[in-house]
Structure formats: C-alpha cells, structure tokens
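Report on the following structure.
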Amino acid sequence: MKTRVRQCRQAAGLTQQQLADRVGVSVRTILSIEKEQYSPSLMLAYRLARVFGVTVEQLCRLEENLREEQEDE
C-alpha cells in the first residue's frame with residue numbers, strides 16, 4: 001500500500017526513530033512502511049495519522065490505492 005508516511009515524517013522534521021518511538025513500533029517497521037514493503041494495521045495507521053494531524057485516508061492515500069486496485073482488475 002502506498003502511504004504518505006515519509007513525506008509527513010520529513011515535513012514534521014522527525015527521524016524514523018523519533019516517529020517509531022511516538023507510535024510504539026520499531027524503526028524497522030517505519031522503514032518498511034516507507035518502502036511500501038509493509039502495510040500498517042488500522043491501529044498503527046490511526047496512531048501515525050494522529051502524530052501528523054491528518055486522516056487515515058489522507059495518510060494511506062486511500063483514493064489513489066483504490067484506483068490502482070480497480071485498474072488491476
């Protein structure tokens with residue numbers, strides 16, 4: 001799943017470690033999400049969105065991901 005985690009993190013001036021500490025996961029998890037190798041659970045997506053002051057839909061690029069899924073069908 002494509003997300004805006006990297007862009008939001010950089011805009012907030014946070015390191016991957018700082019973000020990981022704030023949401024209670026390992027830095028490896030943040031790295032994997034940013035590389036689109038891991039899709040965050042709903043609860044993790046919610047915690048990330050709260051840190052950045054955005055909605056889960058905005059953070060997870062919901063509309064863009066749905067469009068791509070429909071194109072693949």
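So you can find residues: chains in the structure tokens are A, B, ... in the order shown, residues in each start at 1, and ligands are numbered from 1 in order.
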**Prompt:** Where does DSSP see helix (DSSP H, G or I) in chain A, if you list the residues as a ChimeraX atom specification?
**Reply:** /A:5-11,16-23,27-34,42-52,56-59,62-72
Those residues you just picked out, can you put them in a file as a short mmCIF file (atom, residue, chain, number, x, y, z; two decimals), in the first residue's frame with C-alpha atoms?
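Listing of out_36.cif after writing:
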```cif
data_model
loop_
_atom_site.label_atom_id
_atom_site.label_comp_id
_atom_site.auth_asym_id
_atom_site.auth_seq_id
_atom_site.Cartn_x
_atom_site.Cartn_y
_atom_site.Cartn_z
CA VAL A 5 4.40 8.43 5.89
CA ARG A 6 7.81 9.50 4.59
CA GLN A 7 6.53 12.87 3.31
CA CYS A 8 4.64 13.56 6.54
CA ARG A 9 7.58 12.50 8.71
CA GLN A 10 10.01 14.71 6.82
CA ALA A 11 7.61 17.66 6.87
CA GLN A 16 12.44 7.45 11.65
CA GLN A 17 13.48 6.62 15.22
CA GLN A 18 11.56 9.56 16.68
CA LEU A 19 8.43 8.55 14.77
CA ALA A 20 8.82 4.91 15.79
CA ASP A 21 9.11 5.97 19.44
CA ARG A 22 5.99 8.14 19.22
CA VAL A 23 3.80 5.38 17.79
CA VAL A 27 12.35 1.80 13.38
CA ARG A 28 12.38 -1.23 11.04
CA THR A 29 8.57 -1.05 10.88
CA ILE A 30 8.68 2.62 9.89
CA LEU A 31 11.35 1.88 7.27
CA SER A 32 9.26 -0.98 5.82
CA ILE A 33 6.15 1.21 5.64
CA GLU A 34 8.08 3.99 3.90
CA LEU A 42 -5.55 0.09 11.09
CA MET A 43 -4.50 0.96 14.65
CA LEU A 44 -0.96 1.83 13.57
CA ALA A 45 -2.28 3.91 10.67
CA TYR A 46 -4.51 5.74 13.14
CA ARG A 47 -1.60 6.44 15.52
CA LEU A 48 0.55 7.68 12.63
CA ALA A 49 -2.24 9.90 11.33
CA ARG A 50 -2.70 11.44 14.79
CA VAL A 51 1.01 12.27 15.02
CA PHE A 52 0.80 14.11 11.69
CA VAL A 56 -6.03 7.81 7.90
CA GLU A 57 -7.46 8.21 4.39
CA GLN A 58 -5.02 11.03 3.62
CA LEU A 59 -2.07 9.21 5.15
CA LEU A 62 -6.90 5.69 0.04
CA GLU A 63 -8.36 7.05 -3.18
CA GLU A 64 -5.15 6.52 -5.13
CA ASN A 65 -4.77 2.95 -3.85
CA LEU A 66 -8.39 2.15 -4.69
CA ARG A 67 -7.98 3.49 -8.23
CA GLU A 68 -4.91 1.33 -8.79
CA GLU A 69 -6.70 -1.72 -7.43
CA GLN A 70 -9.63 -1.16 -9.82
CA GLU A 71 -7.28 -0.73 -12.77
CA ASP A 72 -5.66 -4.07 -11.97
#
```
**Prompt:** Looking at A:Cys60, A:Ser26, A:Ala12, A:Gly53, which one is nearest to Ser41 (chain A), with distances taken over only C-alpha atoms?
**Reply:**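 Nearest to Ser41 (chain A): A:Cys60.
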